[in-house]
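Source file input.cif; content: mmCIF, C-alpha atoms.
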```cif
data_data
#
loop_
_atom_site.group_PDB
_atom_site.id
_atom_site.type_symbol
_atom_site.label_atom_id
_atom_site.label_comp_id
_atom_site.auth_asym_id
_atom_site.auth_seq_id
_atom_site.Cartn_x
_atom_site.Cartn_y
_atom_site.Cartn_z
ATOM 1 C CA MET S 1 97.269 83.573 93.552
ATOM 2 C CA TYR S 2 94.769 82.796 96.254
ATOM 3 C CA SER S 3 91.252 81.482 95.964
ATOM 4 C CA GLN S 4 88.371 80.806 98.280
ATOM 5 C CA SER S 5 85.047 78.993 97.872
ATOM 6 C CA LYS S 6 81.913 79.856 99.797
ATOM 7 C CA LEU S 7 78.288 78.858 99.694
ATOM 8 C CA THR S 8 76.139 81.891 98.794
ATOM 9 C CA LEU S 9 72.470 82.379 97.999
ATOM 10 C CA LEU S 10 73.498 81.872 94.354
ATOM 11 C CA GLY S 11 75.195 78.563 95.147
ATOM 12 C CA ASN S 12 78.857 77.742 95.608
ATOM 13 C CA ILE S 13 81.142 80.478 94.326
ATOM 14 C CA THR S 14 84.921 80.550 94.118
ATOM 15 C CA ILE S 15 86.793 83.833 93.850
ATOM 16 C CA THR S 16 90.469 84.030 92.906
ATOM 17 C CA GLU S 17 92.764 86.985 93.484
ATOM 18 C CA SER S 18 96.341 87.941 92.738
ATOM 19 C CA GLU S 19 98.287 90.861 94.169
ATOM 20 C CA GLY S 20 95.168 92.442 95.658
ATOM 21 C CA SER S 21 92.993 92.259 92.524
ATOM 22 C CA ILE S 22 90.188 89.840 91.736
ATOM 23 C CA LYS S 23 91.054 87.637 88.759
ATOM 24 C CA SER S 24 88.040 85.325 88.540
ATOM 25 C CA LEU S 25 84.664 84.381 89.947
ATOM 26 C CA GLN S 26 83.470 80.853 89.228
ATOM 27 C CA PHE S 27 80.223 79.140 90.055
ATOM 28 C CA GLY S 28 80.497 75.741 91.706
ATOM 29 C CA GLU S 29 82.617 74.154 94.392
ATOM 30 C CA HIS S 30 86.331 74.238 93.727
ATOM 31 C CA ASN S 31 87.551 73.187 97.194
ATOM 32 C CA SER S 32 89.502 76.388 97.720
ATOM 33 C CA ARG S 33 89.851 77.397 101.335
ATOM 34 C CA THR S 34 92.658 79.946 101.241
ATOM 35 C CA SER S 35 91.654 83.354 102.500
ATOM 36 C CA ASN S 36 93.048 86.861 102.711
ATOM 37 C CA ASP S 37 91.692 90.374 103.132
ATOM 38 C CA THR S 38 91.016 90.843 99.401
ATOM 39 C CA LEU S 39 88.957 87.652 99.169
ATOM 40 C CA GLU S 40 87.092 88.401 102.397
ATOM 41 C CA GLU S 41 86.179 91.880 101.104
ATOM 42 C CA ALA S 42 85.115 90.459 97.730
ATOM 43 C CA PHE S 43 82.788 87.957 99.405
ATOM 44 C CA CYS S 44 81.475 90.627 101.767
ATOM 45 C CA GLN S 45 80.589 92.907 98.842
ATOM 46 C CA LEU S 46 79.128 89.988 96.883
ATOM 47 C CA GLU S 47 76.879 88.992 99.797
ATOM 48 C CA GLU S 48 75.734 92.612 100.231
ATOM 49 C CA TYR S 49 74.882 92.695 96.520
ATOM 50 C CA ILE S 50 72.955 89.415 96.684
ATOM 51 C CA GLU S 51 71.003 90.736 99.688
ATOM 52 C CA GLY S 52 70.125 93.920 97.753
ATOM 53 C CA LYS S 53 72.236 96.134 100.017
ATOM 54 C CA ARG S 54 74.974 97.020 97.498
ATOM 55 C CA LYS S 55 74.623 98.518 94.041
ATOM 56 C CA ARG S 56 78.259 99.197 93.232
ATOM 57 C CA PHE S 57 81.422 97.186 93.828
ATOM 58 C CA THR S 58 84.529 98.955 95.089
ATOM 59 C CA ILE S 59 87.011 96.096 95.031
ATOM 60 C CA SER S 60 89.932 96.042 92.633
ATOM 61 C CA TYR S 61 89.790 93.570 89.772
ATOM 62 C CA ASP S 62 92.085 92.767 86.894
ATOM 63 C CA PRO S 63 90.671 90.134 84.539
ATOM 64 C CA ASP S 64 92.867 88.369 82.018
ATOM 65 C CA GLY S 65 91.672 88.659 78.426
ATOM 66 C CA THR S 66 92.368 90.043 74.979
ATOM 67 C CA ILE S 67 92.400 93.771 74.282
ATOM 68 C CA TYR S 68 89.003 93.414 72.591
ATOM 69 C CA GLN S 69 87.504 91.454 75.498
ATOM 70 C CA LYS S 70 88.803 93.996 78.003
ATOM 71 C CA SER S 71 87.272 96.824 75.962
ATOM 72 C CA VAL S 72 83.884 95.071 76.049
ATOM 73 C CA TRP S 73 84.191 94.383 79.788
ATOM 74 C CA ALA S 74 85.011 98.073 80.374
ATOM 75 C CA ILE S 75 81.680 98.967 78.742
ATOM 76 C CA LEU S 76 79.855 96.347 80.819
ATOM 77 C CA LYS S 77 81.175 97.954 84.011
ATOM 78 C CA LYS S 78 79.419 101.192 82.988
ATOM 79 C CA ILE S 79 75.940 99.634 82.760
ATOM 80 C CA PRO S 80 74.105 101.009 85.800
ATOM 81 C CA TYR S 81 72.680 98.751 88.474
ATOM 82 C CA GLY S 82 69.109 97.816 87.608
ATOM 83 C CA LYS S 83 69.505 98.628 83.905
ATOM 84 C CA THR S 84 69.984 96.412 80.886
ATOM 85 C CA ILE S 85 71.298 96.986 77.383
ATOM 86 C CA THR S 86 71.046 94.880 74.264
ATOM 87 C CA TYR S 87 73.811 93.011 72.502
ATOM 88 C CA ARG S 88 73.174 95.392 69.589
ATOM 89 C CA LYS S 89 73.712 98.472 71.763
ATOM 90 C CA LEU S 90 76.804 96.900 73.307
ATOM 91 C CA SER S 91 78.254 96.266 69.837
ATOM 92 C CA GLU S 92 77.587 99.912 68.914
ATOM 93 C CA LEU S 93 79.219 101.175 72.110
ATOM 94 C CA SER S 94 82.238 98.961 71.429
ATOM 95 C CA GLY S 95 82.773 100.724 68.107
ATOM 96 C CA HIS S 96 82.035 97.538 66.176
ATOM 97 C CA PRO S 97 78.355 97.738 65.172
ATOM 98 C CA GLY S 98 76.941 94.406 64.129
ATOM 99 C CA SER S 99 79.608 92.388 65.920
ATOM 100 C CA TYR S 100 77.008 90.525 67.984
ATOM 101 C CA ARG S 101 78.825 87.207 67.875
ATOM 102 C CA ALA S 102 82.093 88.726 69.091
ATOM 103 C CA ILE S 103 80.215 90.648 71.797
ATOM 104 C CA GLY S 104 78.466 87.468 72.930
ATOM 105 C CA ASN S 105 81.788 85.636 72.984
ATOM 106 C CA ALA S 106 83.447 88.380 75.075
ATOM 107 C CA ASN S 107 80.513 88.233 77.498
ATOM 108 C CA ARG S 108 80.774 84.449 77.746
ATOM 109 C CA LYS S 109 84.498 84.663 78.493
ATOM 110 C CA ASN S 110 84.090 87.300 81.214
ATOM 111 C CA PRO S 111 86.132 85.781 84.058
ATOM 112 C CA ILE S 112 84.529 87.952 86.743
ATOM 113 C CA PRO S 113 80.749 87.720 86.286
ATOM 114 C CA ILE S 114 78.570 89.768 88.641
ATOM 115 C CA PHE S 115 81.455 92.159 89.439
ATOM 116 C CA ILE S 116 81.657 92.820 85.681
ATOM 117 C CA PRO S 117 77.898 92.678 85.003
ATOM 118 C CA CYS S 118 77.553 90.683 81.786
ATOM 119 C CA HIS S 119 74.148 89.528 83.094
ATOM 120 C CA ARG S 120 72.787 93.000 82.219
ATOM 121 C CA VAL S 121 72.991 92.307 78.467
ATOM 122 C CA ILE S 122 69.768 91.073 76.870
ATOM 123 C CA MET S 123 68.371 90.396 73.406
ATOM 124 C CA SER S 124 66.959 93.187 71.216
ATOM 125 C CA ASP S 125 63.458 91.706 71.514
ATOM 126 C CA GLY S 126 63.601 92.085 75.311
ATOM 127 C CA SER S 127 64.186 88.394 76.007
ATOM 128 C CA ILE S 128 66.827 87.333 78.497
ATOM 129 C CA GLY S 129 69.289 85.784 76.031
ATOM 130 C CA GLY S 130 72.011 83.422 77.155
ATOM 131 C CA TYR S 131 74.297 83.306 80.144
ATOM 132 C CA ALA S 132 77.428 81.220 80.556
ATOM 133 C CA HIS S 133 76.392 80.279 84.107
ATOM 134 C CA GLY S 134 72.805 79.377 83.304
ATOM 135 C CA ILE S 135 69.617 81.277 82.600
ATOM 136 C CA ASN S 136 68.332 80.729 86.147
ATOM 137 C CA VAL S 137 71.380 82.493 87.616
ATOM 138 C CA LYS S 138 70.934 85.361 85.146
ATOM 139 C CA ARG S 139 67.276 85.655 86.136
ATOM 140 C CA LYS S 140 68.237 85.752 89.832
ATOM 141 C CA LEU S 141 70.828 88.460 89.213
ATOM 142 C CA LEU S 142 68.402 90.577 87.201
ATOM 143 C CA SER S 143 65.733 90.030 89.846
ATOM 144 C CA ILE S 144 68.098 91.191 92.609
ATOM 145 C CA GLU S 145 68.466 94.423 90.636
ATOM 146 C CA GLY S 146 64.710 94.787 90.124
ATOM 147 C CA ASN S 147 64.632 93.662 86.477
ATOM 148 C CA LEU S 148 61.833 91.168 86.061
ATOM 149 C CA LEU S 149 61.963 90.345 82.368
ATOM 150 C CA THR S 150 58.779 88.749 81.106
ATOM 151 C CA LYS S 151 60.216 87.234 77.928
ATOM 152 C CA ASN S 152 62.300 84.028 78.113
#
```
Turn the structure described in the file into structure tokens.
Amino acid sequence: MYSQSKLTLLGNITITESEGSIKSLQFGEHNSRTSNDTLEEAFCQLEEYIEGKRKRFTISYDPDGTIYQKSVWAILKKIPYGKTITYRKLSELSGHPGSYRAIGNANRKNPIPIFIPCHRVIMSDGSIGGYAHGINVKRKLLSIEGNLLTKN
């Protein structure tokens, strides 16, 4: 496994990869300075996204998680850029209607936020809901995509 930390417009981010696939994206400084082509491409695509120049990621990623978590993350990857869905809708799409708590937990444990866009899930009343990396980061990500939610 290799990991690299860089300062971005979202703050310090560390990306980890193994065998050519992204395994994690973490916010904060983790003093990782190793680099390779996979990490360089991941940061390049991330920067393009942050600058509003990229709407779709083409890097390979392989997050570790349970079968249920991976099934939720697969649905998250299908949410189009600039769109949001509710936790309720996500639970319906997962085949487990009403499993809001499990859906929220799978979102929170997403090891590759942004690339797997858990920030695109909001509350049924249109409010932003929670985000494991802070509401301000979620607001920035939604704003990058043109979603300016008015409810907190």
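Put simply, the PyMOL selection byres ((chain S and resi 87-102) around 7) on this file hits Val72, Ile85, Thr86, Ile103, Gly104, Asn105, Ala106, Val121, Ile122, Met123 and Ser124 of chain S.
For the set S:Tyr81, S:Trp73, S:Phe57, S:Tyr131, the residue with the smallest atom-to-atom gap to S:Asn110 is S:Trp73, counting all atoms listed in the file.
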Neighbours of point (79.3, 73.9, 99.1) within 10 Å, using only C-alpha atoms, written as a VMD selection string: chain S and resid 5 to 8 11 to 13 28 to 31
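Each of S:Lys78, S:Arg54, S:Arg33, S:Lys23 was compared to S:Pro117 using all atoms listed in the file, and S:Lys78 turns out to be the nearest.
For the structure in this document, the set picked by the PyMOL selection byres ((chain S and resi 134-136) around 12) is Leu10, Gly11, Phe27, Gly28, Arg108, Pro113, His119, Ile122, Ser127, Ile128, Gly129, Gly130, Tyr131, Ala132, His133, Val137, Lys138, Arg139, Lys140, Leu141, Leu142, Ser143, Leu149 and Asn152 of chain S.
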Contacts of S:Ser24 at 6 Å or less, counting all atoms listed in the file, minus same-chain residues fewer than 4 places along, as a compact mmCIF listing (two decimals) with C-alpha atoms, in the frame of the given file?
```txt
# COMPACT_ATOMS: atom_id res chain seq x y z
CA ILE S 15 86.79 83.83 93.85
CA THR S 16 90.47 84.03 92.91
CA PRO S 111 86.13 85.78 84.06
CA ILE S 112 84.53 87.95 86.74
```
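If all atoms listed in the file are the atoms counted, then among S:Tyr2, S:Tyr61, S:Phe43, S:Tyr49 the closest residue to S:Ile116 is S:Tyr61.
When atom CA of S:Ile79 is paired with atom CA of S:Ile67, their separation reads 19.4 Å.
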Mind checking which residues fall within 7 Å of S:Glu17, counting only C-alpha atoms, ignoring those fewer than 2 positions away in the same chain, and posting them as a PyMOL selection string? chain S and resi 1-3+15+19-23+39
Of S:Thr84, S:Ser35, S:Gln45, S:Ser18, the one nearest to S:Asp64 when counting all atoms listed in the file is S:Ser18
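Minimum atom-to-atom distances from S:Asn36, S:Ser60, S:Gln26, S:Thr14 to S:Lys109 were compared using only C-alpha atoms, and the lowest value belongs to S:Gln26.
For the pair atom CA of S:Cys118 and atom CA of S:Pro80, the separation is 11.6 Å.
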Separating atom CA of S:Asp125 from atom CA of S:Glu145, to the nearest tenth of an Å, is a gap of 20.0 Å
Can you sort out the box for stretch 77-84 of chain S, edges along x, y and z, all listed atoms in, 6 Å on every side, with centre and edge lengths in Å to one decimal, as AutoDock Vina command-line options?
```
--center_x 75.1 --center_y 98.8 --center_z 84.7 --size_x 24.1 --size_y 16.8 --size_z 19.6
```
So that I can see what lies close to S:Glu41, please list as a tab-separated table (two decimals) with C-alpha atoms, keeping the file's coordinate frame the residues with an atom at most 10 Å from it, counting only C-alpha atoms and leaving out residues fewer than 5 positions away in the same chain.
```tsv
chain	number	residue	atom	x	y	z
S	36	ASN	CA	93.05	86.86	102.71
S	46	LEU	CA	79.13	89.99	96.88
S	47	GLU	CA	76.88	88.99	99.80
S	58	THR	CA	84.53	98.96	95.09
S	59	ILE	CA	87.01	96.10	95.03
```
